Structures are given as structure tokens and as C-alpha cells.
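Just below is one structure, and these are the notes that go with it.
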Amino acid sequence: MTQTSRPYLKIMSLPNDDPKKTLFIAVLLCLVCSILVAISAVALKPQQMANKQNDIKKNILAVSGLLDDKTNIEQAFKQFEVKIVDLETGRYADIDPMQYDQRQAAKDPNRNVQLSPQQDIANIKTRAKLATVYLLKQDGHIQQVILPIHGYGLWSTLYGFISLTSDLNTIGGLQFYSHAETPGLGGEVDNPKWRAQWHGKKVFDEQGNVRIKVIRGFVNPNSSEAQYHVDGLSGATLTSNGVSNLVQYWLGDHGFGPYLAQLRSDRGQ
Ligand SMILES: Cc1cc2nc3c(=O)[nH]c(=O)nc-3n(C[C@H](O)[C@H](O)[C@H](O)COP(=O)(O)O)c2cc1C
């Protein structure tokens, strides 16, 4: 018998209703459980990261209209060119997209910019200096550009993607992959019928102003503004306004505006 096993045996030999034994068993149980939780958290981390990456890829395919039941996500995602953009200049940065996490960068004072109240219509306070973009090309020409967007709704920050088609003005789709708005109210941002409305809407007017907007109520199809308007979510005006603001922010001068201008000038538009 070793010295160390003796106190253990001494406690275990106490009657079951002895408070010392109860406390000892409770502490031992907590210790064992926390070790098990820590081991599973560490062991499952790579799997969680892979699932997260897979979900992002799935959403990018969905917003581009390339996802159906039979899609092989890894394979289909290879069609995209992934690039990192400096949002201030609109030019590509020489950074490996696989090593860059925009959400992390947005929290890092060395890699983010603080937004003034006038700039911060999406209610995000800071944004990363660099952003990841996804290009779908055919014969070297852009067919779609998928841009990450986020901003505050009523209860939560909504994270998603917006796709612009080859004219860099027509919306291909909008999709959120993370938010905590109320199901049935703000959560209707995920409703495929509502999302379908975004397809074909125009972002900019002739003067280059961002005009896309989620309105209150229903879009009047006879209005000249209908091309820029999306129906508001009924009973969820605050989430609707949040979506409107975040889309306007990311497509505006402080978001991807300089990048879109750069793409237009690169092709002499
Ligand atoms: C429990 C609860 C959850 C709500 N969730 C949302 C929500 O996710 N998004 C939203 O815009 N409004 C939500 N609302 C309603 C807002 O408080 C507000 O009334 C609504 O946005 C106004 O929209 P309306 O003018 O279209 O009715 C919720 C209200 C309650 C009581």
C-alpha cells in the first residue's frame, strides 16, 4: 500500500452519509467530468473547424445558385477563386486566404478600423481592413463576385454573403449563415421566398449611389424604385432595417465600394 492511496482508502471507508465522503466524491466527479470535457473539446476542435469551413463553402455555393442536393461541396467550391481585398484601396492583398480569418481580424486593433457613428450604419463598431472575396469566372471574366457581409439586426449580428453578377450591379443572391433573430419574425431572413426576392435587384443607380433597400411593407411592382426594393419582413421591421443597413454599408464607399470600382476600372467599364 502506498502512502498516497491511504487517505483515499480512509475516505472511501467512511459511511456513505458522511459529509467528508460526499464532498470527496462530488469533487472527484467534477474533476473527472472536466477532464473528459476538456479532452473532447480539444479532440473535436479540428472537426468543428472543418464543419465550420464546410458550412461557409455551402453558403457561398447557395448564394451563387450552385447548390442542390447532389452537389459535392468540396468539388464545387474549387470553381471559386478566393482572394483577399484591401477595402481601403480596393486592391488585392498578397495574403494566403487560407491563413486569413476576417472575423478574427475585425476584433484585432492592429488589423481593424474603428467606424465613426456616421460610417457605422451596420452597427458593427469595427471592421477588418482586409476582406475575403470569392470569384466565379468563366474564360477569365467574372460571372459572380461573392462578398461577405455582416451587421446588427434586432438581437444579433447577422453574418452572410451577397452575390453580384457580372455587371457588378445586379444581385445574384443573399444568404445569412449565422444570426440569432427570432424564428418566425426576424428569423424570416432565412425564408427562401423572401431571399428569392433579392435575385435580380439592382444595387446602384446611374449616378453610382447605393439604392438597394428593404422597405416597410410590400414592393409596388409598378414603381420605378421596385428594382431597388425588397419587401420588409412582417412584424420584424427592426431586423429588416438591420439587413437594409448592413447591405448598404458593405456595398457602399466604406465597404466594398472601392473594390467594385477597381473591378470596373480593370475591365474598362
Ligand atoms: C419576443 C419578441 C421577439 C421579437 N423578435 C423580433 C425580431 O427578431 N426582429 C424584429 O425586427 N422584431 C422582433 N420583434 C418585434 C419588435 O419588437 C418590433 O415590434 C418589430 O420589429 C416592429 O416591426 P413591425 O413594425 O413590422 O411590426 C420581437 C418582439 C417580441 C415580443
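Each chain of the C-alpha cells is named A, B, ... in the order shown, its residues numbered from 1; ligands are numbered from 1 in display order.
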
List the neighbours of Val219 of chain A out to 8 Å using only C-alpha atoms; skip same-chain residues closer than 5 positions along the sequence, and give me the result as number ranges by chain. A: 226, 229-231

Those residues with N, CA and C atoms, as a JSON list (two decimals), in the first residue's frame please?
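Writing the result to again-v1.json gives the following:
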```json
[["chain", "number", "residue", "atom", "x", "y", "z"],
["A", 226, "ALA", "N", -38.95, 49.83, -57.79],
["A", 226, "ALA", "CA", -39.10, 48.40, -57.48],
["A", 226, "ALA", "C", -37.81, 47.62, -57.70],
["A", 229, "HIS", "N", -35.91, 47.71, -54.51],
["A", 229, "HIS", "CA", -36.63, 47.46, -53.25],
["A", 229, "HIS", "C", -36.96, 45.99, -53.00],
["A", 230, "VAL", "N", -36.89, 45.63, -51.72],
["A", 230, "VAL", "CA", -37.24, 44.27, -51.27],
["A", 230, "VAL", "C", -38.30, 44.44, -50.19],
["A", 231, "ASP", "N", -39.28, 43.53, -50.15],
["A", 231, "ASP", "CA", -40.36, 43.59, -49.14],
["A", 231, "ASP", "C", -39.77, 43.56, -47.72]]
```

Return as JSON lines the residues of segment 71-165 of chain A lying at most 9 Å from segment 184-202 of chain A, together with the closest atom-to-atom pair for each and the distance in Å to one decimal, counting only C-alpha atoms, with rows in chain order and ascending residue number.
```
{"residue": "A:Gly153", "atom": "CA", "partner": "A:Gly186", "partner_atom": "CA", "distance": 7.9}
{"residue": "A:Leu154", "atom": "CA", "partner": "A:Gly186", "partner_atom": "CA", "distance": 7.7}
{"residue": "A:Trp155", "atom": "CA", "partner": "A:Gly186", "partner_atom": "CA", "distance": 9.0}
{"residue": "A:Thr165", "atom": "CA", "partner": "A:Gly200", "partner_atom": "CA", "distance": 8.9}
```

Give me a file of those residues, with C-alpha atoms, as an mmCIF file, in the first residue's frame.
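out_3.cif was written with the following content:
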```
data_model
loop_
_atom_site.group_PDB
_atom_site.id
_atom_site.type_symbol
_atom_site.label_atom_id
_atom_site.label_comp_id
_atom_site.auth_asym_id
_atom_site.auth_seq_id
_atom_site.Cartn_x
_atom_site.Cartn_y
_atom_site.Cartn_z
ATOM 1 C CA GLY A 153 -30.358 43.212 -36.643
ATOM 2 C CA LEU A 154 -32.519 43.386 -33.524
ATOM 3 C CA TRP A 155 -30.934 40.769 -31.257
ATOM 4 C CA THR A 165 -23.459 39.113 -61.107
#
```

For ligand 1, return the neighbouring residues as a ChimeraX atom specification (distance at most 12 Å; only C-alpha atoms and all ligand atoms). /A:152-158,179-190,214-218,231-244

So that I can check the surroundings of Ile146 of chain A, please list as a count of residues only every protein, DNA and RNA residue that reaches within 10 Å of it, counting only C-alpha atoms and ignoring chain neighbours fewer than 4 positions away. 20

Check segment 139-266 of chain A with DSSP on the backbone and list each residue it calls alpha helix (DSSP H), as number ranges by chain. A: 192-196, 237-251, 257-266

With DSSP run on the backbone, what are the strand (DSSP E) residues within segment 81-155 of chain A? I'd like them as a PyMOL selection string. chain A and resi 81-86+112-114+126-128+130-138+141-152

Go ahead and write the selection's residues with C-alpha atoms as an mmCIF file, in the first residue's frame.
```
data_model
loop_
_atom_site.group_PDB
_atom_site.id
_atom_site.type_symbol
_atom_site.label_atom_id
_atom_site.label_comp_id
_atom_site.auth_asym_id
_atom_site.auth_seq_id
_atom_site.Cartn_x
_atom_site.Cartn_y
_atom_site.Cartn_z
ATOM 1 C CA GLU A 81 -11.036 31.954 -56.828
ATOM 2 C CA VAL A 82 -10.595 33.118 -53.252
ATOM 3 C CA LYS A 83 -8.848 36.483 -52.801
ATOM 4 C CA ILE A 84 -8.082 38.942 -50.037
ATOM 5 C CA VAL A 85 -9.000 42.560 -50.699
ATOM 6 C CA ASP A 86 -7.706 45.710 -49.028
ATOM 7 C CA ASN A 112 -9.235 46.585 -37.987
ATOM 8 C CA VAL A 113 -10.545 50.117 -38.390
ATOM 9 C CA GLN A 114 -12.864 51.861 -35.972
ATOM 10 C CA THR A 126 -15.061 47.988 -36.207
ATOM 11 C CA ARG A 127 -14.337 46.207 -39.456
ATOM 12 C CA ALA A 128 -11.332 44.287 -40.723
ATOM 13 C CA LEU A 130 -8.901 43.154 -45.337
ATOM 14 C CA ALA A 131 -11.821 41.083 -46.601
ATOM 15 C CA THR A 132 -12.124 37.690 -48.256
ATOM 16 C CA VAL A 133 -13.936 37.626 -51.603
ATOM 17 C CA TYR A 134 -14.919 34.713 -53.829
ATOM 18 C CA LEU A 135 -14.872 34.996 -57.607
ATOM 19 C CA LEU A 136 -16.635 32.776 -60.063
ATOM 20 C CA LYS A 137 -15.095 33.239 -63.503
ATOM 21 C CA GLN A 138 -15.678 31.942 -66.993
ATOM 22 C CA HIS A 141 -14.347 37.014 -66.938
ATOM 23 C CA ILE A 142 -16.155 37.464 -63.638
ATOM 24 C CA GLN A 143 -19.567 35.790 -63.623
ATOM 25 C CA GLN A 144 -20.243 36.389 -59.939
ATOM 26 C CA VAL A 145 -18.457 38.003 -57.048
ATOM 27 C CA ILE A 146 -19.442 36.823 -53.593
ATOM 28 C CA LEU A 147 -18.890 39.302 -50.783
ATOM 29 C CA PRO A 148 -19.056 38.613 -47.036
ATOM 30 C CA ILE A 149 -21.419 40.981 -45.197
ATOM 31 C CA HIS A 150 -22.473 41.414 -41.594
ATOM 32 C CA GLY A 151 -24.315 43.819 -39.363
ATOM 33 C CA TYR A 152 -26.679 44.123 -36.429
#
```

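Rounded to one decimal, atom CA of Leu168 of chain A and atom CA of Tyr259 of chain A lie 10.6 Å from each other.
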
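Residue nearest Ala62 of chain A, chosen from A:Gln75, A:Gln175, A:Asn220, A:Gln248 and counting only C-alpha atoms: A:Gln175.
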
Leu260 of chain A environment, 10 Å, only C-alpha atoms, sequence neighbours closer than 4 positions dropped, as number ranges by chain: A: 87, 90-91, 145, 164, 168-169, 251-253, 255-256, 264-266

For segment 36-53 of chain A, list every protein, DNA or RNA residue within 12 Å, evaluated using only C-alpha atoms, and leave out those in the same chain fewer than 5 positions away; present the list as a PDB file with N, CA and C atoms, in the first residue's frame.
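What landed in part.pdb:
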```
ATOM      1  N   LEU A  29     -15.868  13.612  -8.921  1.00  0.00           N
ATOM      2  CA  LEU A  29     -16.743  13.536 -10.104  1.00  0.00           C
ATOM      3  C   LEU A  29     -16.558  14.768 -11.002  1.00  0.00           C
ATOM      4  N   CYS A  30     -16.481  15.938 -10.342  1.00  0.00           N
ATOM      5  CA  CYS A  30     -16.283  17.190 -11.112  1.00  0.00           C
ATOM      6  C   CYS A  30     -14.971  17.135 -11.870  1.00  0.00           C
ATOM      7  N   LEU A  31     -13.933  16.648 -11.182  1.00  0.00           N
ATOM      8  CA  LEU A  31     -12.599  16.592 -11.783  1.00  0.00           C
ATOM      9  C   LEU A  31     -12.597  15.676 -13.013  1.00  0.00           C
ATOM     10  N   LYS A  58     -20.697  25.855 -48.242  1.00  0.00           N
ATOM     11  CA  LYS A  58     -22.069  25.524 -48.626  1.00  0.00           C
ATOM     12  C   LYS A  58     -22.880  26.800 -48.856  1.00  0.00           C
ATOM     13  N   ASN A  59     -22.694  27.783 -47.981  1.00  0.00           N
ATOM     14  CA  ASN A  59     -23.423  29.045 -48.108  1.00  0.00           C
ATOM     15  C   ASN A  59     -22.983  29.846 -49.322  1.00  0.00           C
ATOM     16  N   ILE A  60     -21.687  29.783 -49.626  1.00  0.00           N
ATOM     17  CA  ILE A  60     -21.186  30.500 -50.802  1.00  0.00           C
ATOM     18  C   ILE A  60     -21.764  29.851 -52.069  1.00  0.00           C
ATOM     19  N   ILE A  73     -19.739  19.429 -52.235  1.00  0.00           N
ATOM     20  CA  ILE A  73     -19.364  20.781 -51.805  1.00  0.00           C
ATOM     21  C   ILE A  73     -17.885  21.081 -52.080  1.00  0.00           C
ATOM     22  N   GLU A  74     -17.010  20.154 -51.672  1.00  0.00           N
ATOM     23  CA  GLU A  74     -15.560  20.381 -51.872  1.00  0.00           C
ATOM     24  C   GLU A  74     -15.245  20.597 -53.346  1.00  0.00           C
ATOM     25  N   PHE A  77     -16.788  23.829 -54.807  1.00  0.00           N
ATOM     26  CA  PHE A  77     -16.165  25.052 -54.286  1.00  0.00           C
ATOM     27  C   PHE A  77     -14.856  25.372 -55.018  1.00  0.00           C
ATOM     28  N   MET A  98      -6.258  31.119 -47.086  1.00  0.00           N
ATOM     29  CA  MET A  98      -6.456  30.005 -46.145  1.00  0.00           C
ATOM     30  C   MET A  98      -5.977  30.373 -44.733  1.00  0.00           C
ATOM     31  N   ASP A 101      -8.524  35.036 -41.351  1.00  0.00           N
ATOM     32  CA  ASP A 101      -9.857  34.933 -40.764  1.00  0.00           C
ATOM     33  C   ASP A 101     -10.386  36.362 -40.549  1.00  0.00           C
ATOM     34  N   TYR A 177     -25.661  32.991 -42.803  1.00  0.00           N
ATOM     35  CA  TYR A 177     -25.319  31.676 -42.247  1.00  0.00           C
ATOM     36  C   TYR A 177     -25.270  31.696 -40.720  1.00  0.00           C
ATOM     37  N   SER A 178     -25.392  32.894 -40.136  1.00  0.00           N
ATOM     38  CA  SER A 178     -25.369  32.956 -38.676  1.00  0.00           C
ATOM     39  C   SER A 178     -26.132  34.197 -38.199  1.00  0.00           C
TER      40      SER A 178
END
```

Judged by only C-alpha atoms, the minimum distance to Pro258 of chain A among A:Val203, A:Glu88, A:Asn110, A:Thr71 is found for A:Glu88

Write out as an mmCIF file with N, CA and C atoms, in the first residue's frame each polymer residue whose atoms come within 12 Å of segment 6-8 of chain A, counting only C-alpha atoms; drop sequence neighbours fewer than 5 positions from it.
```cif
data_model
loop_
_atom_site.group_PDB
_atom_site.id
_atom_site.type_symbol
_atom_site.label_atom_id
_atom_site.label_comp_id
_atom_site.auth_asym_id
_atom_site.auth_seq_id
_atom_site.Cartn_x
_atom_site.Cartn_y
_atom_site.Cartn_z
ATOM 1 N N MET A 1 0.846 -1.220 0.000
ATOM 2 C CA MET A 1 0.000 0.000 0.000
ATOM 3 C C MET A 1 0.875 1.262 0.000
ATOM 4 N N SER A 13 -13.633 4.450 3.081
ATOM 5 C CA SER A 13 -14.137 3.511 4.091
ATOM 6 C C SER A 13 -15.134 4.192 5.039
ATOM 7 N N LEU A 14 -15.286 5.527 4.909
ATOM 8 C CA LEU A 14 -16.262 6.235 5.759
ATOM 9 C C LEU A 14 -17.684 5.833 5.354
ATOM 10 N N LYS A 20 -17.821 14.278 4.650
ATOM 11 C CA LYS A 20 -16.485 14.311 4.043
ATOM 12 C C LYS A 20 -16.441 13.429 2.808
ATOM 13 N N LYS A 21 -17.094 12.249 2.922
ATOM 14 C CA LYS A 21 -17.098 11.327 1.775
ATOM 15 C C LYS A 21 -17.929 11.907 0.622
ATOM 16 N N PHE A 24 -15.949 14.581 -1.050
ATOM 17 C CA PHE A 24 -14.834 13.991 -1.799
ATOM 18 C C PHE A 24 -15.325 13.415 -3.142
ATOM 19 N N ILE A 25 -16.456 12.669 -3.071
ATOM 20 C CA ILE A 25 -16.995 12.059 -4.295
ATOM 21 C C ILE A 25 -17.421 13.147 -5.284
ATOM 22 N N LEU A 28 -14.354 14.671 -6.827
ATOM 23 C CA LEU A 28 -13.747 13.690 -7.750
ATOM 24 C C LEU A 28 -14.535 13.622 -9.056
#
```

Which value, in Å to one decimal, gives the distance between atom CA of Pro15 of chain A and atom CA of Cys33 of chain A?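 Interatomic distance, atom CA of Pro15 of chain A to atom CA of Cys33 of chain A: 24.1 Å.
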